[in-house]
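Shown below: structure-v1.cif, with mmCIF, N, CA and C atoms.
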data_target
loop_
_atom_site.label_atom_id
_atom_site.label_comp_id
_atom_site.auth_asym_id
_atom_site.auth_seq_id
_atom_site.Cartn_x
_atom_site.Cartn_y
_atom_site.Cartn_z
N MET A 1 13.61 -23.87 -1.92
CA MET A 1 13.43 -22.49 -2.36
C MET A 1 12.12 -22.32 -3.12
N GLU A 2 11.64 -23.37 -3.75
CA GLU A 2 10.38 -23.29 -4.48
C GLU A 2 9.23 -22.93 -3.55
N MET A 3 9.24 -23.48 -2.33
CA MET A 3 8.20 -23.14 -1.34
C MET A 3 8.25 -21.65 -1.02
N ASP A 4 9.48 -21.12 -0.84
CA ASP A 4 9.61 -19.68 -0.56
C ASP A 4 9.01 -18.84 -1.67
N GLU A 5 9.28 -19.21 -2.91
CA GLU A 5 8.76 -18.44 -4.05
C GLU A 5 7.24 -18.55 -4.15
N GLN A 6 6.71 -19.73 -3.90
CA GLN A 6 5.26 -19.93 -3.94
C GLN A 6 4.58 -19.09 -2.86
N MET A 7 5.12 -19.11 -1.66
CA MET A 7 4.53 -18.34 -0.56
C MET A 7 4.69 -16.83 -0.79
N MET A 8 5.82 -16.44 -1.40
CA MET A 8 6.01 -15.02 -1.68
C MET A 8 5.00 -14.54 -2.72
N ARG A 9 4.63 -15.40 -3.65
CA ARG A 9 3.59 -15.04 -4.62
C ARG A 9 2.27 -14.76 -3.89
N GLU A 10 2.00 -15.51 -2.85
CA GLU A 10 0.79 -15.27 -2.05
C GLU A 10 0.90 -13.93 -1.32
N ALA A 11 2.08 -13.63 -0.79
CA ALA A 11 2.29 -12.34 -0.14
C ALA A 11 2.14 -11.19 -1.14
N LEU A 12 2.61 -11.40 -2.36
CA LEU A 12 2.45 -10.38 -3.40
C LEU A 12 0.98 -10.15 -3.75
N LYS A 13 0.16 -11.18 -3.69
CA LYS A 13 -1.29 -11.00 -3.90
C LYS A 13 -1.84 -10.05 -2.85
N GLU A 14 -1.38 -10.21 -1.62
CA GLU A 14 -1.81 -9.31 -0.54
C GLU A 14 -1.32 -7.89 -0.82
N ALA A 15 -0.09 -7.76 -1.32
CA ALA A 15 0.44 -6.43 -1.65
C ALA A 15 -0.41 -5.76 -2.72
N HIS A 16 -0.85 -6.53 -3.71
CA HIS A 16 -1.70 -5.97 -4.77
C HIS A 16 -3.05 -5.55 -4.21
N THR A 17 -3.57 -6.29 -3.25
CA THR A 17 -4.82 -5.90 -2.59
C THR A 17 -4.63 -4.57 -1.88
N ALA A 18 -3.52 -4.43 -1.18
CA ALA A 18 -3.22 -3.17 -0.49
C ALA A 18 -3.18 -2.02 -1.49
N LYS A 19 -2.50 -2.23 -2.61
CA LYS A 19 -2.38 -1.19 -3.64
C LYS A 19 -3.76 -0.77 -4.14
N GLN A 20 -4.63 -1.74 -4.41
CA GLN A 20 -5.98 -1.44 -4.88
C GLN A 20 -6.77 -0.62 -3.86
N GLU A 21 -6.42 -0.78 -2.58
CA GLU A 21 -7.11 -0.05 -1.51
C GLU A 21 -6.43 1.29 -1.19
N GLY A 22 -5.39 1.64 -1.96
CA GLY A 22 -4.69 2.90 -1.74
C GLY A 22 -3.69 2.85 -0.61
N GLU A 23 -3.35 1.67 -0.17
CA GLU A 23 -2.38 1.47 0.90
C GLU A 23 -1.00 1.23 0.30
N VAL A 24 0.04 1.47 1.09
CA VAL A 24 1.39 1.10 0.66
C VAL A 24 1.36 -0.41 0.38
N PRO A 25 1.76 -0.84 -0.82
CA PRO A 25 1.57 -2.23 -1.23
C PRO A 25 2.60 -3.21 -0.65
N ILE A 26 2.35 -3.57 0.58
CA ILE A 26 3.16 -4.59 1.25
C ILE A 26 2.21 -5.67 1.72
N GLY A 27 2.60 -6.92 1.47
CA GLY A 27 1.77 -8.05 1.87
C GLY A 27 2.58 -9.07 2.64
N ALA A 28 1.86 -9.85 3.44
CA ALA A 28 2.50 -10.88 4.25
C ALA A 28 1.57 -12.09 4.38
N VAL A 29 2.18 -13.26 4.44
CA VAL A 29 1.46 -14.48 4.81
C VAL A 29 2.29 -15.22 5.84
N ILE A 30 1.62 -15.93 6.72
CA ILE A 30 2.30 -16.76 7.70
C ILE A 30 1.87 -18.19 7.46
N ALA A 31 2.88 -19.06 7.35
CA ALA A 31 2.64 -20.48 7.14
C ALA A 31 3.17 -21.27 8.33
N CYS A 32 2.44 -22.32 8.65
CA CYS A 32 2.86 -23.23 9.70
C CYS A 32 2.89 -24.63 9.10
N LYS A 33 4.07 -25.22 9.10
CA LYS A 33 4.24 -26.57 8.54
C LYS A 33 3.76 -26.63 7.10
N GLY A 34 4.06 -25.56 6.32
CA GLY A 34 3.77 -25.53 4.90
C GLY A 34 2.37 -25.11 4.52
N ARG A 35 1.53 -24.77 5.50
CA ARG A 35 0.14 -24.38 5.23
C ARG A 35 -0.08 -22.95 5.69
N ILE A 36 -0.67 -22.12 4.82
CA ILE A 36 -0.94 -20.73 5.18
C ILE A 36 -2.02 -20.69 6.25
N ILE A 37 -1.69 -20.01 7.36
CA ILE A 37 -2.66 -19.87 8.45
C ILE A 37 -3.12 -18.42 8.63
N ALA A 38 -2.41 -17.48 7.98
CA ALA A 38 -2.78 -16.07 8.14
C ALA A 38 -2.26 -15.26 6.96
N LYS A 39 -2.99 -14.20 6.65
CA LYS A 39 -2.60 -13.27 5.59
C LYS A 39 -2.80 -11.85 6.10
N GLY A 40 -2.07 -10.92 5.51
CA GLY A 40 -2.26 -9.53 5.87
C GLY A 40 -1.65 -8.61 4.83
N HIS A 41 -2.17 -7.41 4.79
CA HIS A 41 -1.58 -6.36 3.96
C HIS A 41 -1.72 -5.05 4.72
N ASN A 42 -0.98 -4.06 4.30
CA ASN A 42 -1.04 -2.78 5.00
C ASN A 42 -2.47 -2.27 5.04
N MET A 43 -2.86 -1.78 6.22
CA MET A 43 -4.21 -1.24 6.42
C MET A 43 -4.16 0.03 7.25
N THR A 44 -3.03 0.74 7.17
CA THR A 44 -2.86 1.92 8.02
C THR A 44 -3.84 3.03 7.67
N GLU A 45 -4.15 3.21 6.40
CA GLU A 45 -5.09 4.25 5.99
C GLU A 45 -6.51 3.87 6.37
N ARG A 46 -6.91 2.67 6.04
CA ARG A 46 -8.28 2.22 6.32
C ARG A 46 -8.59 2.25 7.81
N LEU A 47 -7.64 1.81 8.62
CA LEU A 47 -7.88 1.73 10.07
C LEU A 47 -7.43 2.99 10.82
N CYS A 48 -6.81 3.93 10.09
CA CYS A 48 -6.24 5.13 10.74
C CYS A 48 -5.34 4.71 11.90
N ASP A 49 -4.49 3.73 11.62
CA ASP A 49 -3.65 3.13 12.65
C ASP A 49 -2.24 2.94 12.10
N PRO A 50 -1.26 3.68 12.62
CA PRO A 50 0.09 3.56 12.10
C PRO A 50 0.75 2.21 12.37
N THR A 51 0.14 1.39 13.23
CA THR A 51 0.71 0.07 13.50
C THR A 51 0.10 -1.03 12.64
N ALA A 52 -0.84 -0.70 11.77
CA ALA A 52 -1.55 -1.71 10.97
C ALA A 52 -0.75 -2.12 9.74
N HIS A 53 0.49 -2.51 9.96
CA HIS A 53 1.35 -3.01 8.88
C HIS A 53 0.95 -4.44 8.53
N ALA A 54 1.33 -4.87 7.34
CA ALA A 54 0.99 -6.21 6.86
C ALA A 54 1.41 -7.28 7.86
N GLU A 55 2.62 -7.15 8.39
CA GLU A 55 3.12 -8.16 9.33
C GLU A 55 2.28 -8.21 10.60
N MET A 56 1.88 -7.04 11.09
CA MET A 56 1.10 -6.98 12.33
C MET A 56 -0.29 -7.60 12.13
N ILE A 57 -0.90 -7.32 10.98
CA ILE A 57 -2.21 -7.89 10.67
C ILE A 57 -2.10 -9.42 10.59
N ALA A 58 -1.08 -9.90 9.88
CA ALA A 58 -0.88 -11.35 9.74
C ALA A 58 -0.52 -11.99 11.08
N LEU A 59 0.29 -11.32 11.86
CA LEU A 59 0.70 -11.84 13.17
C LEU A 59 -0.52 -12.04 14.08
N THR A 60 -1.39 -11.06 14.12
CA THR A 60 -2.59 -11.17 14.95
C THR A 60 -3.47 -12.33 14.48
N ALA A 61 -3.63 -12.46 13.18
CA ALA A 61 -4.44 -13.54 12.63
C ALA A 61 -3.81 -14.91 12.91
N ALA A 62 -2.49 -14.99 12.84
CA ALA A 62 -1.81 -16.28 13.07
C ALA A 62 -1.92 -16.72 14.52
N THR A 63 -1.71 -15.79 15.45
CA THR A 63 -1.80 -16.18 16.86
C THR A 63 -3.24 -16.58 17.21
N GLU A 64 -4.20 -15.91 16.58
CA GLU A 64 -5.60 -16.29 16.79
C GLU A 64 -5.87 -17.68 16.22
N ALA A 65 -5.35 -17.95 15.02
CA ALA A 65 -5.56 -19.25 14.37
C ALA A 65 -4.96 -20.39 15.19
N LEU A 66 -3.81 -20.15 15.79
CA LEU A 66 -3.12 -21.19 16.56
C LEU A 66 -3.53 -21.22 18.03
N GLY A 67 -4.17 -20.15 18.48
CA GLY A 67 -4.59 -20.11 19.87
C GLY A 67 -3.45 -19.89 20.86
N GLY A 68 -2.39 -19.24 20.39
CA GLY A 68 -1.27 -18.95 21.27
C GLY A 68 -0.41 -17.85 20.69
N LYS A 69 0.44 -17.27 21.56
CA LYS A 69 1.21 -16.12 21.11
C LYS A 69 2.58 -16.46 20.53
N TYR A 70 3.00 -17.70 20.58
CA TYR A 70 4.31 -18.08 20.07
C TYR A 70 4.20 -18.80 18.73
N LEU A 71 5.08 -18.41 17.81
CA LEU A 71 5.03 -18.93 16.43
C LEU A 71 6.36 -19.56 16.02
N GLN A 72 6.97 -20.32 16.92
CA GLN A 72 8.28 -20.91 16.63
C GLN A 72 8.25 -21.83 15.40
N ASP A 73 7.13 -22.47 15.14
CA ASP A 73 7.04 -23.41 14.02
C ASP A 73 6.52 -22.75 12.74
N CYS A 74 6.48 -21.43 12.74
CA CYS A 74 5.90 -20.70 11.61
C CYS A 74 6.94 -19.88 10.85
N THR A 75 6.59 -19.59 9.62
CA THR A 75 7.39 -18.73 8.75
C THR A 75 6.52 -17.60 8.25
N ILE A 76 7.02 -16.37 8.34
CA ILE A 76 6.33 -15.24 7.73
C ILE A 76 7.03 -14.91 6.43
N TYR A 77 6.24 -14.71 5.40
CA TYR A 77 6.72 -14.29 4.09
C TYR A 77 6.19 -12.88 3.89
N VAL A 78 7.08 -11.93 3.74
CA VAL A 78 6.67 -10.53 3.60
C VAL A 78 7.41 -9.92 2.43
N THR A 79 6.72 -9.09 1.67
CA THR A 79 7.27 -8.58 0.41
C THR A 79 8.41 -7.60 0.61
N VAL A 80 8.44 -6.90 1.74
CA VAL A 80 9.50 -5.92 2.02
C VAL A 80 10.05 -6.20 3.42
N GLU A 81 11.34 -5.98 3.59
CA GLU A 81 11.99 -6.14 4.88
C GLU A 81 11.18 -5.48 5.99
N PRO A 82 10.91 -6.21 7.06
CA PRO A 82 10.13 -5.62 8.15
C PRO A 82 10.79 -4.39 8.77
N CYS A 83 9.94 -3.46 9.20
CA CYS A 83 10.43 -2.29 9.93
C CYS A 83 10.79 -2.71 11.36
N PRO A 84 11.42 -1.83 12.12
CA PRO A 84 11.78 -2.18 13.50
C PRO A 84 10.58 -2.58 14.36
N MET A 85 9.45 -1.90 14.21
CA MET A 85 8.26 -2.26 14.99
C MET A 85 7.82 -3.69 14.71
N CYS A 86 7.74 -4.03 13.43
CA CYS A 86 7.30 -5.37 13.05
C CYS A 86 8.32 -6.43 13.44
N ALA A 87 9.59 -6.12 13.28
CA ALA A 87 10.65 -7.06 13.67
C ALA A 87 10.57 -7.36 15.16
N ALA A 88 10.36 -6.33 15.96
CA ALA A 88 10.26 -6.53 17.41
C ALA A 88 9.03 -7.37 17.76
N ALA A 89 7.91 -7.09 17.09
CA ALA A 89 6.70 -7.89 17.34
C ALA A 89 6.92 -9.35 16.96
N LEU A 90 7.61 -9.57 15.84
CA LEU A 90 7.92 -10.93 15.42
C LEU A 90 8.86 -11.61 16.41
N ALA A 91 9.74 -10.84 17.03
CA ALA A 91 10.63 -11.38 18.06
C ALA A 91 9.82 -11.81 19.28
N TRP A 92 8.88 -10.97 19.70
CA TRP A 92 8.04 -11.33 20.85
C TRP A 92 7.23 -12.58 20.56
N ALA A 93 6.84 -12.78 19.30
CA ALA A 93 6.09 -13.98 18.91
C ALA A 93 7.02 -15.18 18.71
N GLN A 94 8.31 -14.94 18.77
CA GLN A 94 9.32 -15.98 18.56
C GLN A 94 9.12 -16.70 17.23
N ILE A 95 8.85 -15.90 16.18
CA ILE A 95 8.64 -16.48 14.84
C ILE A 95 9.86 -17.32 14.46
N GLY A 96 9.62 -18.46 13.85
CA GLY A 96 10.71 -19.36 13.50
C GLY A 96 11.58 -18.83 12.37
N THR A 97 10.92 -18.34 11.32
CA THR A 97 11.65 -17.90 10.12
C THR A 97 10.97 -16.67 9.53
N ILE A 98 11.79 -15.76 9.04
CA ILE A 98 11.31 -14.60 8.28
C ILE A 98 11.91 -14.70 6.89
N VAL A 99 11.05 -14.63 5.89
CA VAL A 99 11.48 -14.61 4.49
C VAL A 99 10.94 -13.31 3.90
N TYR A 100 11.84 -12.48 3.37
CA TYR A 100 11.34 -11.26 2.75
C TYR A 100 11.92 -11.06 1.37
N GLY A 101 11.22 -10.24 0.59
CA GLY A 101 11.60 -9.99 -0.79
C GLY A 101 12.59 -8.86 -0.91
N ALA A 102 12.10 -7.63 -0.86
CA ALA A 102 12.93 -6.45 -1.10
C ALA A 102 13.53 -5.91 0.19
N ASP A 103 14.77 -5.46 0.10
CA ASP A 103 15.41 -4.76 1.22
C ASP A 103 14.76 -3.40 1.39
N ASP A 104 14.80 -2.88 2.62
CA ASP A 104 14.35 -1.51 2.89
C ASP A 104 15.50 -0.78 3.58
N PRO A 105 16.43 -0.22 2.78
CA PRO A 105 17.64 0.39 3.35
C PRO A 105 17.38 1.64 4.18
N LYS A 106 16.20 2.23 4.07
CA LYS A 106 15.89 3.43 4.86
C LYS A 106 15.18 3.12 6.16
N ARG A 107 14.26 2.16 6.14
CA ARG A 107 13.41 1.93 7.31
C ARG A 107 13.39 0.47 7.78
N GLY A 108 14.20 -0.38 7.21
CA GLY A 108 14.20 -1.79 7.58
C GLY A 108 14.90 -2.06 8.91
N TYR A 109 14.54 -3.19 9.51
CA TYR A 109 15.09 -3.53 10.82
C TYR A 109 16.60 -3.79 10.80
N THR A 110 17.15 -4.14 9.64
CA THR A 110 18.58 -4.46 9.58
C THR A 110 19.46 -3.24 9.78
N GLN A 111 18.86 -2.06 9.81
CA GLN A 111 19.63 -0.83 10.06
C GLN A 111 20.00 -0.69 11.53
N PHE A 112 19.49 -1.57 12.36
CA PHE A 112 19.68 -1.45 13.81
C PHE A 112 20.52 -2.59 14.37
N THR A 113 21.41 -2.26 15.27
CA THR A 113 22.17 -3.26 16.01
C THR A 113 22.08 -2.92 17.48
N PRO A 114 21.94 -3.88 18.33
CA PRO A 114 21.86 -5.31 18.02
C PRO A 114 20.56 -5.64 17.29
N SER A 115 20.49 -6.86 16.78
CA SER A 115 19.31 -7.28 16.03
C SER A 115 18.06 -7.21 16.90
N LEU A 116 16.97 -6.82 16.27
CA LEU A 116 15.69 -6.75 16.96
C LEU A 116 14.97 -8.10 16.97
N LEU A 117 15.52 -9.08 16.28
CA LEU A 117 14.86 -10.38 16.14
C LEU A 117 15.20 -11.31 17.31
N HIS A 118 14.36 -12.31 17.48
CA HIS A 118 14.63 -13.37 18.45
C HIS A 118 15.90 -14.08 17.99
N PRO A 119 16.78 -14.46 18.90
CA PRO A 119 18.06 -15.07 18.51
C PRO A 119 17.92 -16.36 17.70
N LYS A 120 16.81 -17.07 17.83
CA LYS A 120 16.64 -18.34 17.10
C LYS A 120 15.95 -18.16 15.75
N THR A 121 15.52 -16.96 15.44
CA THR A 121 14.82 -16.72 14.17
C THR A 121 15.78 -16.79 13.00
N GLU A 122 15.41 -17.58 12.01
CA GLU A 122 16.18 -17.69 10.76
C GLU A 122 15.64 -16.66 9.79
N VAL A 123 16.52 -16.07 8.98
CA VAL A 123 16.12 -15.06 8.00
C VAL A 123 16.63 -15.45 6.62
N ARG A 124 15.73 -15.36 5.63
CA ARG A 124 16.11 -15.51 4.24
C ARG A 124 15.57 -14.28 3.51
N LYS A 125 16.40 -13.70 2.66
CA LYS A 125 15.96 -12.49 1.97
C LYS A 125 16.20 -12.60 0.48
N GLY A 126 15.57 -11.68 -0.26
CA GLY A 126 15.78 -11.61 -1.70
C GLY A 126 14.86 -12.49 -2.52
N VAL A 127 13.84 -13.10 -1.90
CA VAL A 127 12.92 -13.97 -2.64
C VAL A 127 11.97 -13.09 -3.46
N ASN A 128 12.00 -13.28 -4.76
CA ASN A 128 11.19 -12.47 -5.69
C ASN A 128 11.44 -10.97 -5.46
N ALA A 129 12.67 -10.63 -5.15
CA ALA A 129 13.03 -9.26 -4.74
C ALA A 129 12.65 -8.22 -5.78
N GLU A 130 12.88 -8.52 -7.05
CA GLU A 130 12.61 -7.53 -8.09
C GLU A 130 11.13 -7.16 -8.14
N GLU A 131 10.27 -8.16 -8.14
CA GLU A 131 8.83 -7.89 -8.19
C GLU A 131 8.35 -7.20 -6.91
N CYS A 132 8.88 -7.64 -5.77
CA CYS A 132 8.50 -7.04 -4.49
C CYS A 132 8.92 -5.57 -4.43
N SER A 133 10.07 -5.26 -4.98
CA SER A 133 10.56 -3.88 -5.00
C SER A 133 9.77 -3.04 -5.99
N ARG A 134 9.49 -3.60 -7.15
CA ARG A 134 8.83 -2.86 -8.22
C ARG A 134 7.45 -2.35 -7.81
N ILE A 135 6.66 -3.17 -7.14
CA ILE A 135 5.30 -2.74 -6.78
C ILE A 135 5.33 -1.54 -5.83
N VAL A 136 6.30 -1.51 -4.91
CA VAL A 136 6.41 -0.38 -3.98
C VAL A 136 6.95 0.85 -4.70
N THR A 137 7.97 0.66 -5.52
CA THR A 137 8.58 1.78 -6.26
C THR A 137 7.55 2.43 -7.17
N GLU A 138 6.79 1.62 -7.90
CA GLU A 138 5.76 2.16 -8.80
C GLU A 138 4.67 2.89 -8.02
N PHE A 139 4.30 2.36 -6.86
CA PHE A 139 3.28 3.00 -6.02
C PHE A 139 3.70 4.41 -5.63
N PHE A 140 4.93 4.53 -5.11
CA PHE A 140 5.38 5.85 -4.68
C PHE A 140 5.64 6.79 -5.86
N ALA A 141 6.07 6.25 -7.00
CA ALA A 141 6.25 7.09 -8.19
C ALA A 141 4.91 7.66 -8.64
N SER A 142 3.85 6.86 -8.57
CA SER A 142 2.53 7.35 -8.97
C SER A 142 2.03 8.42 -7.99
N LYS A 143 2.37 8.29 -6.73
CA LYS A 143 1.96 9.30 -5.73
C LYS A 143 2.66 10.65 -5.99
N ARG A 144 3.93 10.58 -6.40
CA ARG A 144 4.68 11.81 -6.68
C ARG A 144 4.13 12.52 -7.91
N LYS A 145 3.61 11.79 -8.88
CA LYS A 145 3.06 12.39 -10.10
C LYS A 145 1.71 13.03 -9.85
N ALA A 146 1.00 12.50 -8.88
CA ALA A 146 -0.38 12.99 -8.62
C ALA A 146 -0.40 14.36 -7.97
#

Can I see the file as structure tokens?
Amino acid sequence: MEMDEQMMREALKEAHTAKQEGEVPIGAVIACKGRIIAKGHNMTERLCDPTAHAEMIALTAATEALGGKYLQDCTIYVTVEPCPMCAAALAWAQIGTIVYGADDPKRGYTQFTPSLLHPKTEVRKGVNAEECSRIVTEFFASKRKA
């Protein structure tokens, strides 16, 4: 579990970068055999692209780093539960493991059945959940005040 927490701290750094850029503060890192091979944070505003979620940015970087489209030996660490789009992309990549921090009861992939994930993908949730949730909650609260 210590590895999960360490990697989630790296994903949180990405989330803070997104926040500084005015993006929804979600971050992701992908590790292969314990080594980070890709990072990403939301870039939908900067790229004017609704698909530029943290997971998608990291996924593209990871497949480029490995030179292939399958990530069975990799783990993605993401601060918030992936949305259905990201979950489906991770399924196509056959990601080995998904570890996420905060649940997303409104837009998360777990709201859908059958599961959008690859059948062999392992999922762990709740890693650093409070901090992962707080950064998003504070971001949207500040937007409502503005």

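For the residues A:Ala141, A:Ile76, A:Leu12, A:Leu90, ranking by smallest atom-to-atom distance to His118 (chain A) using all atoms listed in the file places A:Leu90 first.
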
Pairwise distance, CA of Met56 (chain A) with CA of Met3 (chain A), equals 22.3 Å

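Nearest residue to Leu59 (chain A), choosing from A:Gly34, A:Glu10, A:Ala89, A:Gly22 and counting all atoms listed in the file: A:Ala89.
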
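Distance check against Cys83 (chain A) using only C-alpha atoms: of A:Ile57, A:Phe112, A:Ala62, A:Pro119, the minimum falls on A:Phe112.
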
Would you list, as a ChimeraX atom specification, the residues of chain A that end up in alpha helix (DSSP H) under DSSP run on this structure's backbone? /A:2-20,44-47,54-66,84-92,129-145

Calculate how many Å separate atom C of Val123 (chain A) from atom N of Gln111 (chain A), rounding to one decimal.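 For atom C of Val123 (chain A) relative to atom N of Gln111 (chain A), the distance reads 13.9 Å.
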
- [ ] Once DSSP has gone over the backbone, tell me which residues of region 13-49 of chain A are in strand (DSSP E or B), as an MDAnalysis selection string.
- [x] chainID A and resid 27:32 35:41

For Asn128 (chain A), list every protein, DNA or RNA residue within 12 Å, evaluated using only C-alpha atoms, and leave out those in the same chain fewer than 5 positions away; present the list as a compact mmCIF listing (two decimals) with N, CA and C atoms, keeping the file's coordinate frame.
# COMPACT_ATOMS: atom_id res chain seq x y z
N MET A 1 13.61 -23.87 -1.92
CA MET A 1 13.43 -22.49 -2.36
C MET A 1 12.12 -22.32 -3.12
N GLU A 2 11.64 -23.37 -3.75
CA GLU A 2 10.38 -23.29 -4.48
C GLU A 2 9.23 -22.93 -3.55
N MET A 3 9.24 -23.48 -2.33
CA MET A 3 8.20 -23.14 -1.34
C MET A 3 8.25 -21.65 -1.02
N ASP A 4 9.48 -21.12 -0.84
CA ASP A 4 9.61 -19.68 -0.56
C ASP A 4 9.01 -18.84 -1.67
N GLU A 5 9.28 -19.21 -2.91
CA GLU A 5 8.76 -18.44 -4.05
C GLU A 5 7.24 -18.55 -4.15
N GLN A 6 6.71 -19.73 -3.90
CA GLN A 6 5.26 -19.93 -3.94
C GLN A 6 4.58 -19.09 -2.86
N MET A 7 5.12 -19.11 -1.66
CA MET A 7 4.53 -18.34 -0.56
C MET A 7 4.69 -16.83 -0.79
N MET A 8 5.82 -16.44 -1.40
CA MET A 8 6.01 -15.02 -1.68
C MET A 8 5.00 -14.54 -2.72
N ARG A 9 4.63 -15.40 -3.65
CA ARG A 9 3.59 -15.04 -4.62
C ARG A 9 2.27 -14.76 -3.89
N GLU A 10 2.00 -15.51 -2.85
CA GLU A 10 0.79 -15.27 -2.05
C GLU A 10 0.90 -13.93 -1.32
N ALA A 11 2.08 -13.63 -0.79
CA ALA A 11 2.29 -12.34 -0.14
C ALA A 11 2.14 -11.19 -1.14
N LEU A 12 2.61 -11.40 -2.36
CA LEU A 12 2.45 -10.38 -3.40
C LEU A 12 0.98 -10.15 -3.75
N TYR A 77 6.24 -14.71 5.40
CA TYR A 77 6.72 -14.29 4.09
C TYR A 77 6.19 -12.88 3.89
N VAL A 78 7.08 -11.93 3.74
CA VAL A 78 6.67 -10.53 3.60
C VAL A 78 7.41 -9.92 2.43
N THR A 79 6.72 -9.09 1.67
CA THR A 79 7.27 -8.58 0.41
C THR A 79 8.41 -7.60 0.61
N VAL A 80 8.44 -6.90 1.74
CA VAL A 80 9.50 -5.92 2.02
C VAL A 80 10.05 -6.20 3.42
N VAL A 99 11.05 -14.63 5.89
CA VAL A 99 11.48 -14.61 4.49
C VAL A 99 10.94 -13.31 3.90
N TYR A 100 11.84 -12.48 3.37
CA TYR A 100 11.34 -11.26 2.75
C TYR A 100 11.92 -11.06 1.37
N GLY A 101 11.22 -10.24 0.59
CA GLY A 101 11.60 -9.99 -0.79
C GLY A 101 12.59 -8.86 -0.91
N ALA A 102 12.10 -7.63 -0.86
CA ALA A 102 12.93 -6.45 -1.10
C ALA A 102 13.53 -5.91 0.19
N ASP A 103 14.77 -5.46 0.10
CA ASP A 103 15.41 -4.76 1.22
C ASP A 103 14.76 -3.40 1.39
N SER A 133 10.07 -5.26 -4.98
CA SER A 133 10.56 -3.88 -5.00
C SER A 133 9.77 -3.04 -5.99
N ARG A 134 9.49 -3.60 -7.15
CA ARG A 134 8.83 -2.86 -8.22
C ARG A 134 7.45 -2.35 -7.81
N ILE A 135 6.66 -3.17 -7.14
CA ILE A 135 5.30 -2.74 -6.78
C ILE A 135 5.33 -1.54 -5.83

Original post:
Which residues, written as a VMD selection string, have at least one atom at most 8 Å from Glu21 (chain A), with only N, CA and C atoms counted and residues fewer than 5 positions away on the same chain left out?
Top reply: chain A and resid 15 to 16 45 to 46

Could those selected residues go to a file with N, CA and C atoms, as a compact mmCIF listing (two decimals), in the coordinates of the input?
# COMPACT_ATOMS: atom_id res chain seq x y z
N ALA A 15 -0.09 -7.76 -1.32
CA ALA A 15 0.44 -6.43 -1.65
C ALA A 15 -0.41 -5.76 -2.72
N HIS A 16 -0.85 -6.53 -3.71
CA HIS A 16 -1.70 -5.97 -4.77
C HIS A 16 -3.05 -5.55 -4.21
N GLU A 45 -4.15 3.21 6.40
CA GLU A 45 -5.09 4.25 5.99
C GLU A 45 -6.51 3.87 6.37
N ARG A 46 -6.91 2.67 6.04
CA ARG A 46 -8.28 2.22 6.32
C ARG A 46 -8.59 2.25 7.81

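Between CA of Ala91 (chain A) and atom N of Pro105 (chain A) the separation is 19.8 Å.
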
- request: Please evaluate the PyMOL selection byres (((chain A and resi 107-109 and name CA) around 9) and name CA) against the structure above and give the resulting residues as number ranges by chain.
  value: A: 80-88, 103-106, 110-113, 115-117

- [ ] Just give me the residues with any atom within 12 Å of (-2.6, -3.4, -3.1), file coordinates, counting only C-alpha atoms, written as a list of chain:residue names.
- [x]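 So the residues meeting the distance criterion are A:Ala11, A:Leu12, A:Lys13, A:Glu14, A:Ala15, A:His16, A:Thr17, A:Ala18, A:Lys19, A:Gln20, A:Glu21, A:Gly22, A:Glu23, A:Val24, A:Pro25, A:Ile26, A:Gly27, A:Ala28, A:Gly40, A:His41, A:Asn42, A:Met43, A:Ala54, A:Thr79, A:Cys132, A:Ile135, A:Val136, A:Glu138, A:Phe139.
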
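Residue nearest Ala65 (chain A) within the list A:Trp92, A:Ile36, A:Thr44, A:Gly126: A:Ile36 [criterion: smallest interatomic distance, only C-alpha atoms].
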
- prompt: Expanded to explicit residues, what is the PyMOL selection byres ((chain A and resi 31) around 7) for this file, as a PyMOL selection string?
  reply: chain A and resi 29-30+32-38+73-77

Could you please fill out region 67-73 of chain A with N, CA, C and O atoms and send it back as a PDB file, keeping the file's coordinate frame?
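Listing of out.pdb after writing:
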ATOM      1  N   GLY A  67      -4.170 -20.150  18.480  1.00  0.00           N
ATOM      2  CA  GLY A  67      -4.590 -20.110  19.870  1.00  0.00           C
ATOM      3  C   GLY A  67      -3.450 -19.890  20.860  1.00  0.00           C
ATOM      4  O   GLY A  67      -3.527 -20.295  22.005  1.00  0.00           O
ATOM      5  N   GLY A  68      -2.390 -19.240  20.390  1.00  0.00           N
ATOM      6  CA  GLY A  68      -1.270 -18.950  21.270  1.00  0.00           C
ATOM      7  C   GLY A  68      -0.410 -17.850  20.690  1.00  0.00           C
ATOM      8  O   GLY A  68      -0.509 -17.537  19.506  1.00  0.00           O
ATOM      9  N   LYS A  69       0.440 -17.270  21.560  1.00  0.00           N
ATOM     10  CA  LYS A  69       1.210 -16.120  21.110  1.00  0.00           C
ATOM     11  C   LYS A  69       2.580 -16.460  20.530  1.00  0.00           C
ATOM     12  O   LYS A  69       3.256 -15.579  20.013  1.00  0.00           O
ATOM     13  N   TYR A  70       3.000 -17.700  20.580  1.00  0.00           N
ATOM     14  CA  TYR A  70       4.310 -18.080  20.070  1.00  0.00           C
ATOM     15  C   TYR A  70       4.200 -18.800  18.730  1.00  0.00           C
ATOM     16  O   TYR A  70       3.361 -19.670  18.556  1.00  0.00           O
ATOM     17  N   LEU A  71       5.080 -18.410  17.810  1.00  0.00           N
ATOM     18  CA  LEU A  71       5.030 -18.930  16.430  1.00  0.00           C
ATOM     19  C   LEU A  71       6.360 -19.560  16.020  1.00  0.00           C
ATOM     20  O   LEU A  71       6.817 -19.382  14.891  1.00  0.00           O
ATOM     21  N   GLN A  72       6.970 -20.320  16.920  1.00  0.00           N
ATOM     22  CA  GLN A  72       8.280 -20.910  16.630  1.00  0.00           C
ATOM     23  C   GLN A  72       8.250 -21.830  15.400  1.00  0.00           C
ATOM     24  O   GLN A  72       9.255 -21.956  14.706  1.00  0.00           O
ATOM     25  N   ASP A  73       7.130 -22.470  15.140  1.00  0.00           N
ATOM     26  CA  ASP A  73       7.040 -23.410  14.020  1.00  0.00           C
ATOM     27  C   ASP A  73       6.520 -22.750  12.740  1.00  0.00           C
ATOM     28  O   ASP A  73       6.169 -23.440  11.790  1.00  0.00           O
TER      29      ASP A  73
END
